[in-house]
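Raw contents of run_31.tsv, TSV, N, CA and C atoms:
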```
chain	number	residue	atom	x	y	z
A	1	MET	N	4.02	-0.15	3.56
A	1	MET	CA	3.33	0.73	4.49
A	1	MET	C	3.06	-0.06	5.77
A	2	ASP	N	3.42	0.50	6.90
A	2	ASP	CA	3.25	-0.22	8.16
A	2	ASP	C	1.87	0.03	8.77
A	3	LYS	N	1.59	-0.70	9.83
A	3	LYS	CA	0.27	-0.64	10.47
A	3	LYS	C	-0.03	0.72	11.05
A	4	GLN	N	0.97	1.37	11.66
A	4	GLN	CA	0.74	2.69	12.26
A	4	GLN	C	0.35	3.72	11.21
A	5	THR	N	0.90	3.59	10.02
A	5	THR	CA	0.54	4.51	8.94
A	5	THR	C	-0.93	4.34	8.57
A	6	LEU	N	-1.39	3.10	8.54
A	6	LEU	CA	-2.81	2.86	8.27
A	6	LEU	C	-3.70	3.37	9.40
A	7	VAL	N	-3.22	3.29	10.62
A	7	VAL	CA	-3.98	3.82	11.76
A	7	VAL	C	-4.12	5.34	11.63
A	8	VAL	N	-3.06	6.03	11.21
A	8	VAL	CA	-3.13	7.48	11.00
A	8	VAL	C	-4.12	7.80	9.89
A	9	LEU	N	-4.11	7.02	8.83
A	9	LEU	CA	-5.07	7.21	7.74
A	9	LEU	C	-6.49	7.01	8.24
A	10	GLN	N	-6.70	5.98	9.05
A	10	GLN	CA	-8.02	5.72	9.63
A	10	GLN	C	-8.47	6.89	10.50
A	11	ARG	N	-7.57	7.41	11.30
A	11	ARG	CA	-7.90	8.54	12.17
A	11	ARG	C	-8.31	9.77	11.36
A	12	ALA	N	-7.58	10.01	10.27
A	12	ALA	CA	-7.91	11.16	9.42
A	12	ALA	C	-9.27	10.97	8.77
A	13	TYR	N	-9.65	9.76	8.49
A	13	TYR	CA	-10.95	9.49	7.89
A	13	TYR	C	-12.08	9.71	8.90
A	14	ILE	N	-11.90	9.20	10.10
A	14	ILE	CA	-12.93	9.30	11.13
A	14	ILE	C	-13.02	10.70	11.73
A	15	GLU	N	-11.86	11.26	12.02
A	15	GLU	CA	-11.80	12.57	12.68
A	15	GLU	C	-10.61	13.35	12.13
A	16	PRO	N	-10.81	14.12	11.04
A	16	PRO	CA	-9.70	14.87	10.46
A	16	PRO	C	-9.00	15.73	11.52
A	17	PHE	N	-7.68	15.69	11.51
A	17	PHE	CA	-6.90	16.45	12.48
A	17	PHE	C	-6.20	17.60	11.78
A	18	THR	N	-5.90	18.65	12.55
A	18	THR	CA	-5.30	19.84	11.96
A	18	THR	C	-3.84	19.61	11.62
A	19	VAL	N	-3.37	20.43	10.72
A	19	VAL	CA	-1.98	20.35	10.26
A	19	VAL	C	-1.01	20.57	11.41
A	20	GLN	N	-1.33	21.45	12.32
A	20	GLN	CA	-0.42	21.79	13.41
A	20	GLN	C	-0.81	21.13	14.74
A	21	SER	N	-1.64	20.13	14.71
A	21	SER	CA	-2.06	19.46	15.94
A	21	SER	C	-0.93	18.62	16.51
A	22	ASN	N	-1.04	18.32	17.80
A	22	ASN	CA	-0.07	17.44	18.43
A	22	ASN	C	-0.07	16.07	17.78
A	23	TYR	N	-1.25	15.60	17.34
A	23	TYR	CA	-1.34	14.30	16.67
A	23	TYR	C	-0.54	14.31	15.36
A	24	ALA	N	-0.68	15.37	14.58
A	24	ALA	CA	0.06	15.48	13.33
A	24	ALA	C	1.56	15.57	13.58
A	25	ARG	N	1.95	16.28	14.61
A	25	ARG	CA	3.38	16.38	14.94
A	25	ARG	C	3.94	15.05	15.40
A	26	LYS	N	3.19	14.36	16.24
A	26	LYS	CA	3.64	13.06	16.76
A	26	LYS	C	3.78	12.04	15.64
A	27	ASN	N	2.93	12.14	14.64
A	27	ASN	CA	2.91	11.17	13.54
A	27	ASN	C	3.38	11.80	12.23
A	28	ALA	N	4.30	12.75	12.31
A	28	ALA	CA	4.73	13.51	11.13
A	28	ALA	C	5.26	12.62	10.00
A	29	LEU	N	6.02	11.60	10.32
A	29	LEU	CA	6.55	10.73	9.27
A	29	LEU	C	5.44	9.98	8.55
A	30	HIS	N	4.44	9.52	9.29
A	30	HIS	CA	3.32	8.80	8.69
A	30	HIS	C	2.48	9.75	7.84
A	31	VAL	N	2.23	10.95	8.36
A	31	VAL	CA	1.46	11.95	7.61
A	31	VAL	C	2.19	12.29	6.31
A	32	ALA	N	3.50	12.47	6.39
A	32	ALA	CA	4.29	12.79	5.20
A	32	ALA	C	4.22	11.66	4.18
A	33	GLU	N	4.32	10.42	4.64
A	33	GLU	CA	4.23	9.29	3.72
A	33	GLU	C	2.87	9.24	3.04
A	34	LEU	N	1.81	9.39	3.82
A	34	LEU	CA	0.46	9.35	3.27
A	34	LEU	C	0.22	10.48	2.27
A	35	ALA	N	0.70	11.67	2.61
A	35	ALA	CA	0.52	12.82	1.71
A	35	ALA	C	1.32	12.62	0.42
A	36	SER	N	2.54	12.12	0.53
A	36	SER	CA	3.37	11.93	-0.67
A	36	SER	C	2.81	10.84	-1.57
A	37	ARG	N	2.08	9.89	-1.00
A	37	ARG	CA	1.43	8.83	-1.80
A	37	ARG	C	0.07	9.26	-2.34
A	38	GLY	N	-0.38	10.47	-1.99
A	38	GLY	CA	-1.66	10.98	-2.47
A	38	GLY	C	-2.85	10.39	-1.74
A	39	LEU	N	-2.64	9.91	-0.52
A	39	LEU	CA	-3.70	9.30	0.26
A	39	LEU	C	-4.30	10.25	1.29
A	40	LEU	N	-3.60	11.33	1.55
A	40	LEU	CA	-4.00	12.32	2.54
A	40	LEU	C	-3.72	13.70	1.95
A	41	THR	N	-4.61	14.66	2.17
A	41	THR	CA	-4.42	15.99	1.59
A	41	THR	C	-5.09	17.06	2.44
A	42	THR	N	-4.71	18.29	2.20
A	42	THR	CA	-5.41	19.44	2.77
A	42	THR	C	-6.17	20.19	1.68
A	43	HIS	N	-6.03	19.74	0.46
A	43	HIS	CA	-6.67	20.39	-0.70
A	43	HIS	C	-8.18	20.12	-0.69
A	44	VAL	N	-8.97	21.17	-0.79
A	44	VAL	CA	-10.43	21.01	-0.79
A	44	VAL	C	-11.09	21.52	-2.07
A	45	GLY	N	-10.35	22.21	-2.91
A	45	GLY	CA	-10.91	22.72	-4.15
A	45	GLY	C	-9.87	23.52	-4.91
A	46	PHE	N	-10.25	24.05	-6.05
A	46	PHE	CA	-9.32	24.81	-6.88
A	46	PHE	C	-8.71	25.96	-6.10
A	47	GLY	N	-7.42	25.85	-5.80
A	47	GLY	CA	-6.71	26.90	-5.08
A	47	GLY	C	-7.11	27.06	-3.62
A	48	THR	N	-7.85	26.12	-3.08
A	48	THR	CA	-8.33	26.21	-1.70
A	48	THR	C	-7.78	25.06	-0.87
A	49	TYR	N	-7.24	25.41	0.27
A	49	TYR	CA	-6.68	24.41	1.18
A	49	TYR	C	-7.27	24.60	2.57
A	50	SER	N	-7.36	23.51	3.30
A	50	SER	CA	-7.93	23.49	4.63
A	50	SER	C	-6.81	23.42	5.67
A	51	LYS	N	-7.17	23.59	6.92
A	51	LYS	CA	-6.22	23.39	8.02
A	51	LYS	C	-6.26	21.96	8.54
A	52	HIS	N	-7.07	21.13	7.90
A	52	HIS	CA	-7.23	19.73	8.34
A	52	HIS	C	-6.74	18.75	7.28
A	53	TRP	N	-6.11	17.69	7.74
A	53	TRP	CA	-5.74	16.59	6.85
A	53	TRP	C	-6.99	15.77	6.59
A	54	ARG	N	-7.24	15.45	5.34
A	54	ARG	CA	-8.40	14.66	4.95
A	54	ARG	C	-7.97	13.52	4.03
A	55	VAL	N	-8.70	12.44	4.09
A	55	VAL	CA	-8.41	11.27	3.27
A	55	VAL	C	-8.91	11.52	1.85
A	56	THR	N	-8.09	11.18	0.88
A	56	THR	CA	-8.47	11.29	-0.53
A	56	THR	C	-9.29	10.06	-0.93
A	57	PRO	N	-9.92	10.10	-2.08
A	57	PRO	CA	-10.62	8.89	-2.54
A	57	PRO	C	-9.70	7.67	-2.63
A	58	ALA	N	-8.46	7.88	-3.03
A	58	ALA	CA	-7.50	6.76	-3.08
A	58	ALA	C	-7.20	6.24	-1.68
A	59	GLY	N	-7.14	7.13	-0.71
A	59	GLY	CA	-6.92	6.72	0.67
A	59	GLY	C	-8.08	5.91	1.22
A	60	ARG	N	-9.27	6.32	0.88
A	60	ARG	CA	-10.44	5.56	1.32
A	60	ARG	C	-10.47	4.18	0.68
A	61	ALA	N	-10.13	4.11	-0.58
A	61	ALA	CA	-10.08	2.82	-1.26
A	61	ALA	C	-9.04	1.91	-0.61
A	62	LEU	N	-7.92	2.48	-0.19
A	62	LEU	CA	-6.90	1.69	0.49
A	62	LEU	C	-7.41	1.17	1.82
A	63	LEU	N	-8.11	2.00	2.57
A	63	LEU	CA	-8.69	1.55	3.84
A	63	LEU	C	-9.65	0.39	3.61
A	64	GLU	N	-10.48	0.51	2.62
A	64	GLU	CA	-11.45	-0.54	2.33
A	64	GLU	C	-10.76	-1.82	1.86
A	65	TYR	N	-9.69	-1.67	1.11
A	65	TYR	CA	-8.97	-2.83	0.58
A	65	TYR	C	-8.17	-3.55	1.66
A	66	THR	N	-7.50	-2.80	2.51
A	66	THR	CA	-6.59	-3.41	3.48
A	66	THR	C	-7.28	-4.07	4.65
A	67	ALA	N	-8.26	-3.38	5.24
A	67	ALA	CA	-8.84	-3.96	6.45
A	67	ALA	C	-10.31	-3.60	6.63
A	68	GLY	N	-10.86	-2.84	5.75
A	68	GLY	CA	-12.21	-2.36	5.97
A	68	GLY	C	-12.16	-1.18	6.92
A	69	GLU	N	-13.07	-0.26	6.74
A	69	GLU	CA	-13.05	0.96	7.55
A	69	GLU	C	-13.24	0.67	9.03
A	70	ASP	N	-14.02	-0.32	9.39
A	70	ASP	CA	-14.27	-0.60	10.80
A	70	ASP	C	-13.12	-1.35	11.45
A	71	ASN	N	-12.34	-2.10	10.68
A	71	ASN	CA	-11.28	-2.92	11.26
A	71	ASN	C	-9.93	-2.26	11.27
A	72	ALA	N	-9.75	-1.12	10.59
A	72	ALA	CA	-8.43	-0.51	10.48
A	72	ALA	C	-7.87	-0.09	11.84
A	73	ARG	N	-8.73	0.29	12.77
A	73	ARG	CA	-8.20	0.72	14.07
A	73	ARG	C	-7.70	-0.46	14.90
A	74	ASN	N	-8.02	-1.68	14.51
A	74	ASN	CA	-7.53	-2.87	15.22
A	74	ASN	C	-6.17	-3.34	14.71
A	75	LEU	N	-5.61	-2.64	13.72
A	75	LEU	CA	-4.32	-3.04	13.19
A	75	LEU	C	-3.21	-2.82	14.19
```

With the file now loaded, output its structure as structure tokens.
Amino acid sequence: MDKQTLVVLQRAYIEPFTVQSNYARKNALHVAELASRGLLTTHVGFGTYSKHWRVTPAGRALLEYTAGEDNARNL
């Protein structure tokens, strides 16, 4: 996983972005990688989905493990 992918994960944690936002489009490959790894999701409950990408518990653990939540944007 490259640094830009972690930056996208950090951004989703701090400020969830919409599925159809320019940010999501610009970073589509990173969003797809994060979602396929189960680190980013739109799922909010049984049969319920949001319009925003949100970090999963596994994604948050990765942020904490790799650089800490405050340092991830400096990657």

Give me, as a PDB file with N, CA and C atoms, keeping the file's coordinate frame, all polymer residues having an atom no more than 6 Å from segment 36-39 of chain A, counting all atoms listed in the file and skipping those fewer than 5 positions away in the same chain.
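Full text of part00.pdb as output:
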```
ATOM      1  N   VAL A  31       2.230  10.950   8.360  1.00  0.00           N
ATOM      2  CA  VAL A  31       1.460  11.950   7.610  1.00  0.00           C
ATOM      3  C   VAL A  31       2.190  12.290   6.310  1.00  0.00           C
ATOM      4  N   ARG A  54      -7.240  15.450   5.340  1.00  0.00           N
ATOM      5  CA  ARG A  54      -8.400  14.660   4.950  1.00  0.00           C
ATOM      6  C   ARG A  54      -7.970  13.520   4.030  1.00  0.00           C
ATOM      7  N   VAL A  55      -8.700  12.440   4.090  1.00  0.00           N
ATOM      8  CA  VAL A  55      -8.410  11.270   3.270  1.00  0.00           C
ATOM      9  C   VAL A  55      -8.910  11.520   1.850  1.00  0.00           C
ATOM     10  N   THR A  56      -8.090  11.180   0.880  1.00  0.00           N
ATOM     11  CA  THR A  56      -8.470  11.290  -0.530  1.00  0.00           C
ATOM     12  C   THR A  56      -9.290  10.060  -0.930  1.00  0.00           C
ATOM     13  N   ALA A  58      -8.460   7.880  -3.030  1.00  0.00           N
ATOM     14  CA  ALA A  58      -7.500   6.760  -3.080  1.00  0.00           C
ATOM     15  C   ALA A  58      -7.200   6.240  -1.680  1.00  0.00           C
ATOM     16  N   GLY A  59      -7.140   7.130  -0.710  1.00  0.00           N
ATOM     17  CA  GLY A  59      -6.920   6.720   0.670  1.00  0.00           C
ATOM     18  C   GLY A  59      -8.080   5.910   1.220  1.00  0.00           C
TER      19      GLY A  59
END
```

Please report, as lines of an AutoDock Vina configuration file, the centre and edge lengths in Å to one decimal of an axis-aligned box covering all listed atoms of segment 1-18 of chain A with 5 Å per side.
```
center_x = -4.5
center_y = 9.6
center_z = 8.1
size_x = 27.0
size_y = 30.5
size_z = 19.1
```

- A:Thr66, A:Ser50, A:Asn22, A:Thr42: which is nearest Thr5 of chain A, counting only C-alpha atoms? A:Thr66

- Query: Within 6 Å of segment 13-20 of chain A, counting all atoms listed in the file, which residues qualify if same-chain residues fewer than 2 places away don't, as an NGL selection string?
  - Reply: :A and (9-11 or 22 or 24-25 or 51-55)

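Counting from atom CA of Leu40 of chain A, the distance to atom N of Ala12 of chain A is 8.8 Å.
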
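Between atom N of Glu64 of chain A and atom CA of Leu6 of chain A the separation is 9.8 Å.
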
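Taking atom CA of Leu62 of chain A and atom CA of Gln4 of chain A as endpoints, the distance between them is 14.1 Å.
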
- Per-residue DSSP, chain A, filtered to strand (DSSP E or B), as a VMD selection string: chain A and resid 18 40 to 45 48 to 55

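Distance check against Val8 of chain A using only C-alpha atoms: of A:Pro57, A:Tyr49, A:Asn27, A:Val44, the minimum falls on A:Asn27.
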